[in-house]
Amino acid sequence: MGSGEEKSLFETRKDKARYIRRLYAVSLFVAICFVWAFRLTHIPAKGEAGQWAWLGLFVAEVWGGIYWVFYQALRWNIVYRTTFPNRLSSRYESRFPGVDIFVFTADAVVEPPMMVINTVLSVMAYDYAAEKLSVYLSDDGGSDVTFYALLEASSFAKHWIPFCKRYKVEPRSPAAYFNSVDSTKSQDHNYVKHLATIHKLYEEMKRRVEEATKLGVPSEARSKHNGFSQWDSYSSPRDHDTILQILMHKKESEGSKDVDGCTLPTLVYMAREKRPHYHTNFKAGAINALVELHGFDGFGGPLFIGTCCYLRRDALWWKKFSREYKNDWNDQNENEVTEVNLHELEEESKALANCSYEKNTLWGKKIGSIYGCLVEDVITGLQMHAHGWKSVYYNPSISAFSGVAPTSLLHTLVQLKRWGEGHMQLTLSKFRPKWYGDQKINICLLLGYWHHNFFAITSLSVLYYSIIPSLYILKGVSLFPKISSLWCIPFICVTVGEIAYSLIEGLSMGGSIQGWWNGTRMWLYVKTSSFLFSLIDGILGFFGHPNSSYSLTSKVIDDDVAQRYKKEVMEFGTSSPYFTVLATLALLNLFCLLLTLKDLVLQKGTFAAEKMTLQVLLCGVLVVINIPLYQAIFVRKDKGRMPTSVSIKSTAVAFTACVFFKLFN
């Protein structure tokens with residue numbers, strides 16, 4: 001780099017272990033091919049026991065191998081990003097573009113207002129020019145309690161934001177910061193004194209908001225703020241006018257200054273108009289009303305996952321990218337709003353959020369976030385890639401975003417079922433031709449998308465492998481090579497290779513062996529329940545019998561559930577088809593293993609240990625993985641145990657299947 005050249009604002013590094021990864025991928029694929037060759041060259045003769053089971057395993061292994069290839073595309077060219085914020089600040093700070101940050105909520109019960117406003121406060125405290133930062137809270141629940149909480153947050157922000165800037169607070173969510181160890185350890189007396197004041201203000205705000213959540217918005221607050229009058233036309237969360245309130249704006253000299261006299265970011269509350277006969281398209285509609293991944297990054301296209309993302313407005317408006325494209329950071333249009341009366345601006349903006357605004361327009365079709373799919377974020381990102389735009393994945397040392405993930409097994413399975421079904425919709429819908437992206441999407445990136453699109457279909461292979469080999473142990477029919485055979489080697493290579501790779505990968509990313517084992521268990525549970533139901537609903541939808549609905553993931557957790565979660569004890573506790581499937585599969589493998597061991601001990605029949613070793617090992621591993629399920633069914637007495645009705649039903653089905661297969665098949 002010459003002395004006259006400006007230093008780069010970012011650095012892209014290729015994975016140092018990429019050649020090892022590629023050697024591993026090629027080697028394992030060779031082993032997979034040998035597994036296929038074994039299946040084809042050892043098919044049982046017609047009428048011989050296990051022929052159809054053998055062919056079924058062949059199909060499952062072929063599909064599993066192909067799907068594995070899709071995943072290798074995401075491991076082939078991993079890159080890492082490093083940015084240099086100081087260089088950016090010194091070079092362009094006076095010309096930073098305006099940034100709009102959207103925070104979405106849809107139900108004040110499952111997404112408590114205190115959680116929502118902590119998110120809002122954290123983004124308002126970003127280290128960015130406040131006059132160019134706008135924060136929008138989109139409340140699809142239309143809750144006056146959430147609006148009240150945002151009002152409280154707007155007042156607290158006048159103290160919290162300067163405190164964050166003065167002491168470089170991390171994390172910037174008040175709840176997260178006050179719960180952190182670092183917030184209570186300091187020798188700076190001014191900081192300690194200031195912290196105590198801020199903490200007191202936060203606790204007072206928290207008390208008021210939580211009281212309002214339980215008892216409703218106090219009448220005193222309603223009389224003080226005209227914004228509550230917009231709830232006069234409110235009938236229900238699904239039937240109300242547009243509610244829009246600009247709480248802070250740079251034009252408002254008094255109310256938008258912090259205690260140090262500095263400008264605060266623009267803060268807007270919005271609840272879209274809702275009518276029973278209008279479909280609101282979930283979050284995609286909310287986005288339009290307001291306007292994880294190193295492997296993908298190597299091919300220019302991490303997925304848009306709907307959160308923790310920054311988007312160029314031009315990309316979201318579906319402008320085609322060209323090499324001549326240049327973003328004008330000197331655009332003065334952003335300042336035009338200062339010439340408009342805030343009340344008039346509120347009234348004019350309401351039209352953008354009414355039910356009929358998008359009727360007969362390209363919104364949701366060729367502009368903004370796409371409608372008609374449960375994974376509207378993924379299809380929207382795919383369309384951007386098809387228009388020539390690229391995306392990057394950046395994971396800084398200090399987390400840019402921290403969120404709340406489901407803490408119960410059922411919530412996790414339901415959420416993943418929705419994602420799997422959404423990708424299934426994408427596979428079977430009118431969007432499928434766009435896989436090819438008009439030749440603007442790299443083939444490896446395309447394989448990465450396919451890896452996600454075929455989530456649900458893999459459930460059949462995993463389900464087959466979890467049932468058939470175990471049942472055929474009862475008949476003494478071998479479906480795998482003898483342990484002394486050379487054909488056993490590729491099976492061992494594939495199994496050990498993937499286990500070793502995933503373990504090393506997990507540890508290298510800061511995980512633990514326990515975390516890896518838990519992840520393996522969840523992989524099995526998701527594949528055999530969530531993605532199974534995703535596949536069923538996806539197929540029903542394709543044939544005109546849709547059974548999909550958008551269910552919001554609860555962010556509320558009971559104290560006893562939280563305690564079990566901290567102890568890494570799985571939560572069951574309620575009757576669900578997901579648990580019925582998981583318990584039945586777990587018990588079926590347990591019964592198969594116990595019946596086989598019983599026959600061995602009593603020396604009943606003939607059991608060729610050499611040819612059945614791999615099959616018994618597979619069954620044994622499945623039993624070990626399912627230990628938490630057996631504990632929930634037979635041992636646990638807490639409220640998180642498996643419901644009795646599910647236990648009885650699953651036991652009856654699994655035991656009947658084993659007895660029937662052993663005696664009559």
# chains A, B, ... in the order shown; residues from 1 in each chain; ligands from 1
>>> closest_atom_pairs(of="segment 42-156 of chain A", to="segment 15-18 of chain A", cutoff="8 Å", atoms="only C-alpha atoms", output="JSON lines")
{"residue": "A:Arg75", "atom": "CA", "partner": "A:Arg18", "partner_atom": "CA", "distance": 7.9}
{"residue": "A:Trp76", "atom": "CA", "partner": "A:Arg18", "partner_atom": "CA", "distance": 6.7}
{"residue": "A:Asn77", "atom": "CA", "partner": "A:Arg18", "partner_atom": "CA", "distance": 6.7}
{"residue": "A:Ile78", "atom": "CA", "partner": "A:Asp15", "partner_atom": "CA", "distance": 5.5}
{"residue": "A:Val79", "atom": "CA", "partner": "A:Asp15", "partner_atom": "CA", "distance": 5.5}
{"residue": "A:Tyr80", "atom": "CA", "partner": "A:Asp15", "partner_atom": "CA", "distance": 7.1}
>>> write_last_selection(atoms="N, CA, C and O atoms", output="mmCIF file, in the first residue's frame")
data_model
loop_
_atom_site.group_PDB
_atom_site.id
_atom_site.type_symbol
_atom_site.label_atom_id
_atom_site.label_comp_id
_atom_site.auth_asym_id
_atom_site.auth_seq_id
_atom_site.Cartn_x
_atom_site.Cartn_y
_atom_site.Cartn_z
ATOM 1 N N ARG A 75 -19.096 -24.921 4.028
ATOM 2 C CA ARG A 75 -17.806 -25.120 4.693
ATOM 3 C C ARG A 75 -16.630 -24.913 3.738
ATOM 4 O O ARG A 75 -15.485 -24.917 4.144
ATOM 5 N N TRP A 76 -16.919 -24.746 2.453
ATOM 6 C CA TRP A 76 -15.882 -24.763 1.435
ATOM 7 C C TRP A 76 -15.038 -23.490 1.410
ATOM 8 O O TRP A 76 -13.848 -23.529 1.157
ATOM 9 N N ASN A 77 -15.664 -22.360 1.639
ATOM 10 C CA ASN A 77 -14.951 -21.085 1.487
ATOM 11 C C ASN A 77 -15.308 -20.132 2.621
ATOM 12 O O ASN A 77 -15.816 -19.034 2.398
ATOM 13 N N ILE A 78 -15.033 -20.527 3.829
ATOM 14 C CA ILE A 78 -15.350 -19.710 5.005
ATOM 15 C C ILE A 78 -14.433 -18.493 5.074
ATOM 16 O O ILE A 78 -13.219 -18.601 4.882
ATOM 17 N N VAL A 79 -15.044 -17.330 5.320
ATOM 18 C CA VAL A 79 -14.255 -16.105 5.477
ATOM 19 C C VAL A 79 -14.651 -15.411 6.769
ATOM 20 O O VAL A 79 -15.734 -15.627 7.313
ATOM 21 N N TYR A 80 -13.750 -14.554 7.253
ATOM 22 C CA TYR A 80 -13.976 -13.790 8.475
ATOM 23 C C TYR A 80 -13.734 -12.315 8.186
ATOM 24 O O TYR A 80 -12.827 -11.949 7.448
#
>>> closest_atom_pairs(of="segment 44-110 of chain A", to="segment 253-268 of chain A", cutoff="10 Å", atoms="only C-alpha atoms", output="tab-separated table")
residue	atom	partner	partner_atom	distance
A:Asp100	CA	A:Thr266	CA	9.2
A:Ile101	CA	A:Leu267	CA	9.8
A:Phe102	CA	A:Val268	CA	9.7
>>> write_last_selection(atoms="C-alpha atoms", output="PDB file, in the first residue's frame")
ATOM      1  CA  ASP A 100     -33.519   3.414  10.601  1.00  0.00           C
ATOM      2  CA  ILE A 101     -33.741   0.673  13.236  1.00  0.00           C
ATOM      3  CA  PHE A 102     -36.941  -1.339  13.474  1.00  0.00           C
TER       4      PHE A 102
END
>>> residues_around(residues="His199 of chain A", least_positions_apart="4", cutoff="8 Å", atoms="only C-alpha atoms", output="list in words")
Phe178, Leu195 and Glu203 of chain A
>>> residues_around(residues="segment 113-119 of chain A", least_positions_apart="5", cutoff="7 Å", atoms="only C-alpha atoms", output="mmCIF file with all heavy atoms, in the first residue's frame")
data_model
loop_
_atom_site.group_PDB
_atom_site.id
_atom_site.type_symbol
_atom_site.label_atom_id
_atom_site.label_comp_id
_atom_site.auth_asym_id
_atom_site.auth_seq_id
_atom_site.Cartn_x
_atom_site.Cartn_y
_atom_site.Cartn_z
ATOM 1 N N ALA A 108 -48.224 -8.233 23.905
ATOM 2 C CA ALA A 108 -47.686 -7.746 25.176
ATOM 3 C C ALA A 108 -47.673 -8.809 26.259
ATOM 4 O O ALA A 108 -47.071 -8.603 27.314
ATOM 5 C CB ALA A 108 -48.506 -6.537 25.653
ATOM 6 N N THR A 146 -47.845 -1.274 25.930
ATOM 7 C CA THR A 146 -46.548 -1.158 25.254
ATOM 8 C C THR A 146 -46.253 0.293 24.927
ATOM 9 O O THR A 146 -45.105 0.762 25.061
ATOM 10 C CB THR A 146 -46.548 -2.008 23.976
ATOM 11 O OG1 THR A 146 -46.801 -3.373 24.307
ATOM 12 C CG2 THR A 146 -45.205 -1.911 23.262
ATOM 13 N N ALA A 149 -45.218 1.965 28.076
ATOM 14 C CA ALA A 149 -43.843 1.575 28.398
ATOM 15 C C ALA A 149 -42.836 2.352 27.554
ATOM 16 O O ALA A 149 -41.776 2.766 28.040
ATOM 17 C CB ALA A 149 -43.665 0.075 28.175
ATOM 18 N N LEU A 150 -43.181 2.599 26.282
ATOM 19 C CA LEU A 150 -42.281 3.365 25.418
ATOM 20 C C LEU A 150 -42.202 4.823 25.861
ATOM 21 O O LEU A 150 -41.134 5.452 25.777
ATOM 22 C CB LEU A 150 -42.753 3.274 23.969
ATOM 23 C CG LEU A 150 -41.749 3.744 22.917
ATOM 24 C CD1 LEU A 150 -40.514 2.854 22.919
ATOM 25 C CD2 LEU A 150 -42.374 3.764 21.532
ATOM 26 N N ALA A 153 -39.858 4.822 28.626
ATOM 27 C CA ALA A 153 -38.502 4.631 28.113
ATOM 28 C C ALA A 153 -37.943 5.906 27.510
ATOM 29 O O ALA A 153 -36.747 6.204 27.635
ATOM 30 C CB ALA A 153 -38.487 3.510 27.076
ATOM 31 N N SER A 173 -28.266 -2.571 26.936
ATOM 32 C CA SER A 173 -29.613 -2.841 27.437
ATOM 33 C C SER A 173 -29.560 -2.687 28.948
ATOM 34 O O SER A 173 -28.743 -3.338 29.611
ATOM 35 C CB SER A 173 -30.041 -4.270 27.078
ATOM 36 O OG SER A 173 -31.118 -4.685 27.896
ATOM 37 N N PRO A 174 -30.363 -1.798 29.539
ATOM 38 C CA PRO A 174 -30.286 -1.573 30.993
ATOM 39 C C PRO A 174 -30.409 -2.853 31.806
ATOM 40 O O PRO A 174 -29.633 -3.077 32.743
ATOM 41 C CB PRO A 174 -31.461 -0.620 31.258
ATOM 42 C CG PRO A 174 -31.686 0.076 29.961
ATOM 43 C CD PRO A 174 -31.364 -0.929 28.898
ATOM 44 N N ALA A 175 -31.369 -3.704 31.462
ATOM 45 C CA ALA A 175 -31.577 -4.935 32.223
ATOM 46 C C ALA A 175 -30.345 -5.817 32.183
ATOM 47 O O ALA A 175 -29.912 -6.364 33.206
ATOM 48 C CB ALA A 175 -32.789 -5.696 31.681
ATOM 49 N N LYS A 206 -39.321 0.488 35.856
ATOM 50 C CA LYS A 206 -39.708 -0.918 35.777
ATOM 51 C C LYS A 206 -40.946 -1.189 36.617
ATOM 52 O O LYS A 206 -41.872 -1.888 36.177
ATOM 53 C CB LYS A 206 -38.541 -1.789 36.241
ATOM 54 C CG LYS A 206 -38.820 -3.283 36.202
ATOM 55 C CD LYS A 206 -37.606 -4.072 36.691
ATOM 56 C CE LYS A 206 -37.908 -5.563 36.717
ATOM 57 N NZ LYS A 206 -36.742 -6.343 37.222
ATOM 58 N N VAL A 209 -44.057 0.302 34.847
ATOM 59 C CA VAL A 209 -44.435 -0.461 33.658
ATOM 60 C C VAL A 209 -45.045 -1.808 34.035
ATOM 61 O O VAL A 209 -46.051 -2.237 33.460
ATOM 62 C CB VAL A 209 -43.212 -0.655 32.735
ATOM 63 C CG1 VAL A 209 -43.535 -1.635 31.609
ATOM 64 C CG2 VAL A 209 -42.757 0.671 32.159
#
>>> select_by_dssp(residues="segment 147-207 of chain A", states="helix (DSSP H, G or I)", output="PyMOL selection string")
chain A and resi 147-167+174-178+182-184+189-207
>>> residues_around(residues="Trp54 of chain A", least_positions_apart="4", cutoff="12 Å", atoms="only C-alpha atoms", output="PDB file with N, CA, C and O atoms, in the first residue's frame")
ATOM      1  N   TRP A  36     -22.893 -46.233  -0.584  1.00  0.00           N
ATOM      2  CA  TRP A  36     -23.866 -46.455  -1.652  1.00  0.00           C
ATOM      3  C   TRP A  36     -23.531 -47.737  -2.437  1.00  0.00           C
ATOM      4  O   TRP A  36     -24.433 -48.506  -2.786  1.00  0.00           O
ATOM      5  N   PHE A  38     -21.978 -50.372  -1.398  1.00  0.00           N
ATOM      6  CA  PHE A  38     -22.315 -51.539  -0.573  1.00  0.00           C
ATOM      7  C   PHE A  38     -23.799 -51.858  -0.688  1.00  0.00           C
ATOM      8  O   PHE A  38     -24.190 -53.023  -0.864  1.00  0.00           O
ATOM      9  N   ARG A  39     -24.624 -50.827  -0.596  1.00  0.00           N
ATOM     10  CA  ARG A  39     -26.069 -51.050  -0.683  1.00  0.00           C
ATOM     11  C   ARG A  39     -26.453 -51.669  -2.031  1.00  0.00           C
ATOM     12  O   ARG A  39     -27.285 -52.563  -2.112  1.00  0.00           O
ATOM     13  N   LEU A  40     -25.852 -51.162  -3.108  1.00  0.00           N
ATOM     14  CA  LEU A  40     -26.215 -51.639  -4.440  1.00  0.00           C
ATOM     15  C   LEU A  40     -25.711 -53.047  -4.731  1.00  0.00           C
ATOM     16  O   LEU A  40     -26.339 -53.791  -5.489  1.00  0.00           O
ATOM     17  N   THR A  41     -24.584 -53.409  -4.159  1.00  0.00           N
ATOM     18  CA  THR A  41     -23.978 -54.714  -4.456  1.00  0.00           C
ATOM     19  C   THR A  41     -24.380 -55.810  -3.483  1.00  0.00           C
ATOM     20  O   THR A  41     -24.010 -56.973  -3.676  1.00  0.00           O
ATOM     21  N   HIS A  42     -25.122 -55.472  -2.448  1.00  0.00           N
ATOM     22  CA  HIS A  42     -25.512 -56.465  -1.446  1.00  0.00           C
ATOM     23  C   HIS A  42     -27.023 -56.483  -1.207  1.00  0.00           C
ATOM     24  O   HIS A  42     -27.486 -56.816  -0.122  1.00  0.00           O
ATOM     25  N   ILE A  43     -27.812 -56.129  -2.223  1.00  0.00           N
ATOM     26  CA  ILE A  43     -29.270 -56.139  -2.084  1.00  0.00           C
ATOM     27  C   ILE A  43     -29.752 -57.569  -1.853  1.00  0.00           C
ATOM     28  O   ILE A  43     -29.399 -58.479  -2.617  1.00  0.00           O
ATOM     29  N   PRO A  44     -30.530 -57.818  -0.822  1.00  0.00           N
ATOM     30  CA  PRO A  44     -31.039 -59.176  -0.566  1.00  0.00           C
ATOM     31  C   PRO A  44     -31.838 -59.694  -1.758  1.00  0.00           C
ATOM     32  O   PRO A  44     -32.478 -58.926  -2.484  1.00  0.00           O
ATOM     33  N   ALA A  45     -31.787 -60.998  -1.956  1.00  0.00           N
ATOM     34  CA  ALA A  45     -32.518 -61.614  -3.063  1.00  0.00           C
ATOM     35  C   ALA A  45     -34.017 -61.470  -2.861  1.00  0.00           C
ATOM     36  O   ALA A  45     -34.497 -61.254  -1.738  1.00  0.00           O
ATOM     37  N   LYS A  46     -34.757 -61.581  -3.965  1.00  0.00           N
ATOM     38  CA  LYS A  46     -36.200 -61.441  -3.909  1.00  0.00           C
ATOM     39  C   LYS A  46     -36.797 -62.466  -2.952  1.00  0.00           C
ATOM     40  O   LYS A  46     -36.492 -63.651  -3.022  1.00  0.00           O
ATOM     41  N   GLU A  48     -36.200 -62.571   0.188  1.00  0.00           N
ATOM     42  CA  GLU A  48     -35.336 -62.679   1.369  1.00  0.00           C
ATOM     43  C   GLU A  48     -35.732 -61.608   2.376  1.00  0.00           C
ATOM     44  O   GLU A  48     -36.107 -60.492   2.007  1.00  0.00           O
ATOM     45  N   ALA A  49     -35.622 -61.979   3.652  1.00  0.00           N
ATOM     46  CA  ALA A  49     -36.020 -61.054   4.717  1.00  0.00           C
ATOM     47  C   ALA A  49     -35.208 -59.766   4.651  1.00  0.00           C
ATOM     48  O   ALA A  49     -33.998 -59.789   4.474  1.00  0.00           O
ATOM     49  N   GLY A  50     -35.904 -58.646   4.786  1.00  0.00           N
ATOM     50  CA  GLY A  50     -35.227 -57.359   4.861  1.00  0.00           C
ATOM     51  C   GLY A  50     -34.961 -56.678   3.540  1.00  0.00           C
ATOM     52  O   GLY A  50     -34.312 -55.636   3.514  1.00  0.00           O
ATOM     53  N   PHE A  58     -31.152 -47.598   1.476  1.00  0.00           N
ATOM     54  CA  PHE A  58     -30.390 -47.074   0.346  1.00  0.00           C
ATOM     55  C   PHE A  58     -30.904 -45.690  -0.061  1.00  0.00           C
ATOM     56  O   PHE A  58     -30.134 -44.748  -0.268  1.00  0.00           O
ATOM     57  N   VAL A  59     -32.222 -45.565  -0.157  1.00  0.00           N
ATOM     58  CA  VAL A  59     -32.807 -44.265  -0.509  1.00  0.00           C
ATOM     59  C   VAL A  59     -32.468 -43.214   0.548  1.00  0.00           C
ATOM     60  O   VAL A  59     -32.099 -42.076   0.230  1.00  0.00           O
ATOM     61  N   ALA A  60     -32.595 -43.597   1.826  1.00  0.00           N
ATOM     62  CA  ALA A  60     -32.291 -42.663   2.912  1.00  0.00           C
ATOM     63  C   ALA A  60     -30.832 -42.224   2.864  1.00  0.00           C
ATOM     64  O   ALA A  60     -30.510 -41.048   3.089  1.00  0.00           O
ATOM     65  N   GLU A  61     -29.929 -43.167   2.570  1.00  0.00           N
ATOM     66  CA  GLU A  61     -28.497 -42.848   2.528  1.00  0.00           C
ATOM     67  C   GLU A  61     -28.125 -42.018   1.302  1.00  0.00           C
ATOM     68  O   GLU A  61     -27.255 -41.145   1.378  1.00  0.00           O
ATOM     69  N   TYR A 464     -36.482 -42.816   9.286  1.00  0.00           N
ATOM     70  CA  TYR A 464     -36.313 -44.191   8.813  1.00  0.00           C
ATOM     71  C   TYR A 464     -35.156 -44.866   9.538  1.00  0.00           C
ATOM     72  O   TYR A 464     -35.271 -46.004  10.002  1.00  0.00           O
ATOM     73  N   TYR A 465     -34.036 -44.150   9.672  1.00  0.00           N
ATOM     74  CA  TYR A 465     -32.860 -44.687  10.357  1.00  0.00           C
ATOM     75  C   TYR A 465     -33.108 -44.888  11.846  1.00  0.00           C
ATOM     76  O   TYR A 465     -32.458 -45.711  12.496  1.00  0.00           O
ATOM     77  N   ILE A 468     -36.387 -48.377  11.527  1.00  0.00           N
ATOM     78  CA  ILE A 468     -36.269 -49.655  10.824  1.00  0.00           C
ATOM     79  C   ILE A 468     -35.099 -50.521  11.298  1.00  0.00           C
ATOM     80  O   ILE A 468     -35.308 -51.707  11.597  1.00  0.00           O
ATOM     81  N   PRO A 469     -33.866 -50.013  11.388  1.00  0.00           N
ATOM     82  CA  PRO A 469     -32.773 -50.879  11.850  1.00  0.00           C
ATOM     83  C   PRO A 469     -33.031 -51.471  13.230  1.00  0.00           C
ATOM     84  O   PRO A 469     -32.721 -52.646  13.477  1.00  0.00           O
ATOM     85  N   TYR A 472     -35.604 -54.334  13.017  1.00  0.00           N
ATOM     86  CA  TYR A 472     -35.084 -55.547  12.383  1.00  0.00           C
ATOM     87  C   TYR A 472     -34.083 -56.290  13.264  1.00  0.00           C
ATOM     88  O   TYR A 472     -33.761 -57.453  12.986  1.00  0.00           O
ATOM     89  N   VAL A 477     -32.312 -59.754  11.553  1.00  0.00           N
ATOM     90  CA  VAL A 477     -31.992 -59.457  10.155  1.00  0.00           C
ATOM     91  C   VAL A 477     -30.985 -58.315  10.107  1.00  0.00           C
ATOM     92  O   VAL A 477     -31.249 -57.217  10.600  1.00  0.00           O
ATOM     93  N   SER A 478     -29.838 -58.583   9.515  1.00  0.00           N
ATOM     94  CA  SER A 478     -28.783 -57.575   9.446  1.00  0.00           C
ATOM     95  C   SER A 478     -28.993 -56.640   8.264  1.00  0.00           C
ATOM     96  O   SER A 478     -29.259 -57.079   7.146  1.00  0.00           O
ATOM     97  N   LEU A 479     -28.870 -55.356   8.508  1.00  0.00           N
ATOM     98  CA  LEU A 479     -28.987 -54.346   7.458  1.00  0.00           C
ATOM     99  C   LEU A 479     -27.676 -53.603   7.239  1.00  0.00           C
ATOM    100  O   LEU A 479     -27.631 -52.642   6.466  1.00  0.00           O
ATOM    101  N   PHE A 480     -26.629 -54.048   7.928  1.00  0.00           N
ATOM    102  CA  PHE A 480     -25.316 -53.416   7.807  1.00  0.00           C
ATOM    103  C   PHE A 480     -24.251 -54.503   7.637  1.00  0.00           C
ATOM    104  O   PHE A 480     -24.505 -55.680   7.934  1.00  0.00           O
ATOM    105  N   PRO A 481     -23.064 -54.150   7.170  1.00  0.00           N
ATOM    106  CA  PRO A 481     -22.016 -55.157   6.981  1.00  0.00           C
ATOM    107  C   PRO A 481     -21.524 -55.733   8.299  1.00  0.00           C
ATOM    108  O   PRO A 481     -21.668 -55.127   9.363  1.00  0.00           O
TER     109      PRO A 481
END
>>> closest_residue(among="A:Met270, A:Val581, A:Ile367, A:Leu588", to="Trp317 of chain A", atoms="only C-alpha atoms")
A:Ile367
>>> atom_distance(atom1="atom CA of Arg13 of chain A", atom2="atom CA of Ile504 of chain A")
20.4 Å
>>> closest_residue(among="A:Asp139, A:Pro218, A:Asp537, A:Leu445", to="Leu374 of chain A", atoms="only C-alpha atoms")
A:Asp537
>>> closest_residue(among="A:Lys566, A:Arg87, A:Arg166, A:Arg222", to="Asp144 of chain A", atoms="only C-alpha atoms")
A:Arg222
>>> closest_residue(among="A:Tyr148, A:Gly476, A:Asn518, A:Gly65", to="Leu503 of chain A", atoms="only C-alpha atoms")
A:Asn518
>>> atom_distance(atom1="atom CA of Lys14 of chain A", atom2="atom CA of Ile499 of chain A")
24.3 Å
>>> residues_around(residues="Ser429 of chain A", least_positions_apart="5", cutoff="10 Å", atoms="only C-alpha atoms", output="list of chain:residue names")
A:Gly372, A:Cys373, A:His423, A:Met424, A:Gly538, A:Gly541, A:Phe542
>>> select_by_dssp(residues="segment 50-138 of chain A", states="strand (DSSP E or B)", output="list in words")
Val79, Tyr80, Arg81, Thr82, Thr83, Val99, Asp100, Ile101, Phe102, Val103, Phe104, Thr105, Leu133, Ser134, Val135, Tyr136, Leu137 and Ser138 of chain A
>>> write_last_selection(atoms="N, CA, C and O atoms", output="JSON list (two decimals), in the first residue's frame")
[["chain", "number", "residue", "atom", "x", "y", "z"],
["A", 79, "VAL", "N", -15.04, -17.33, 5.32],
["A", 79, "VAL", "CA", -14.25, -16.10, 5.48],
["A", 79, "VAL", "C", -14.65, -15.41, 6.77],
["A", 79, "VAL", "O", -15.73, -15.63, 7.31],
["A", 80, "TYR", "N", -13.75, -14.55, 7.25],
["A", 80, "TYR", "CA", -13.98, -13.79, 8.48],
["A", 80, "TYR", "C", -13.73, -12.31, 8.19],
["A", 80, "TYR", "O", -12.83, -11.95, 7.45],
["A", 81, "ARG", "N", -14.55, -11.47, 8.79],
["A", 81, "ARG", "CA", -14.47, -10.02, 8.56],
["A", 81, "ARG", "C", -13.94, -9.29, 9.79],
["A", 81, "ARG", "O", -14.29, -9.62, 10.92],
["A", 82, "THR", "N", -13.13, -8.29, 9.53],
["A", 82, "THR", "CA", -12.65, -7.39, 10.58],
["A", 82, "THR", "C", -12.87, -5.96, 10.10],
["A", 82, "THR", "O", -12.55, -5.64, 8.96],
["A", 83, "THR", "N", -13.45, -5.13, 10.93],
["A", 83, "THR", "CA", -13.67, -3.73, 10.54],
["A", 83, "THR", "C", -12.80, -2.81, 11.39],
["A", 83, "THR", "O", -12.32, -3.19, 12.47],
["A", 99, "VAL", "N", -29.75, 6.09, 9.51],
["A", 99, "VAL", "CA", -30.02, 4.68, 9.80],
["A", 99, "VAL", "C", -31.35, 4.56, 10.52],
["A", 99, "VAL", "O", -31.60, 5.25, 11.51],
["A", 100, "ASP", "N", -32.23, 3.72, 9.96],
["A", 100, "ASP", "CA", -33.52, 3.41, 10.60],
["A", 100, "ASP", "C", -33.42, 2.04, 11.25],
["A", 100, "ASP", "O", -33.03, 1.08, 10.59],
["A", 101, "ILE", "N", -33.78, 1.95, 12.52],
["A", 101, "ILE", "CA", -33.74, 0.67, 13.24],
["A", 101, "ILE", "C", -35.17, 0.31, 13.64],
["A", 101, "ILE", "O", -35.86, 1.09, 14.28],
["A", 102, "PHE", "N", -35.58, -0.88, 13.21],
["A", 102, "PHE", "CA", -36.94, -1.34, 13.47],
["A", 102, "PHE", "C", -36.95, -2.39, 14.58],
["A", 102, "PHE", "O", -36.21, -3.37, 14.52],
["A", 103, "VAL", "N", -37.78, -2.19, 15.57],
["A", 103, "VAL", "CA", -37.99, -3.15, 16.66],
["A", 103, "VAL", "C", -39.44, -3.62, 16.55],
["A", 103, "VAL", "O", -40.36, -2.79, 16.50],
["A", 104, "PHE", "N", -39.63, -4.94, 16.49],
["A", 104, "PHE", "CA", -40.98, -5.49, 16.28],
["A", 104, "PHE", "C", -41.47, -6.21, 17.51],
["A", 104, "PHE", "O", -40.73, -6.94, 18.17],
["A", 105, "THR", "N", -42.74, -6.02, 17.82],
["A", 105, "THR", "CA", -43.41, -6.78, 18.87],
["A", 105, "THR", "C", -44.84, -7.03, 18.42],
["A", 105, "THR", "O", -45.38, -6.28, 17.60],
["A", 133, "LEU", "N", -30.03, 8.87, 13.53],
["A", 133, "LEU", "CA", -30.52, 7.58, 13.98],
["A", 133, "LEU", "C", -32.00, 7.68, 14.32],
["A", 133, "LEU", "O", -32.43, 8.56, 15.06],
["A", 134, "SER", "N", -32.80, 6.80, 13.73],
["A", 134, "SER", "CA", -34.24, 6.76, 13.99],
["A", 134, "SER", "C", -34.63, 5.36, 14.44],
["A", 134, "SER", "O", -34.26, 4.38, 13.80],
["A", 135, "VAL", "N", -35.39, 5.28, 15.52],
["A", 135, "VAL", "CA", -35.81, 3.99, 16.08],
["A", 135, "VAL", "C", -37.34, 3.90, 16.01],
["A", 135, "VAL", "O", -38.04, 4.80, 16.48],
["A", 136, "TYR", "N", -37.82, 2.82, 15.40],
["A", 136, "TYR", "CA", -39.26, 2.62, 15.23],
["A", 136, "TYR", "C", -39.68, 1.37, 15.98],
["A", 136, "TYR", "O", -39.10, 0.30, 15.79],
["A", 137, "LEU", "N", -40.69, 1.51, 16.82],
["A", 137, "LEU", "CA", -41.28, 0.35, 17.47],
["A", 137, "LEU", "C", -42.57, 0.01, 16.75],
["A", 137, "LEU", "O", -43.54, 0.78, 16.78],
["A", 138, "SER", "N", -42.59, -1.12, 16.06],
["A", 138, "SER", "CA", -43.79, -1.59, 15.37],
["A", 138, "SER", "C", -44.51, -2.58, 16.27],
["A", 138, "SER", "O", -44.02, -3.67, 16.52]]
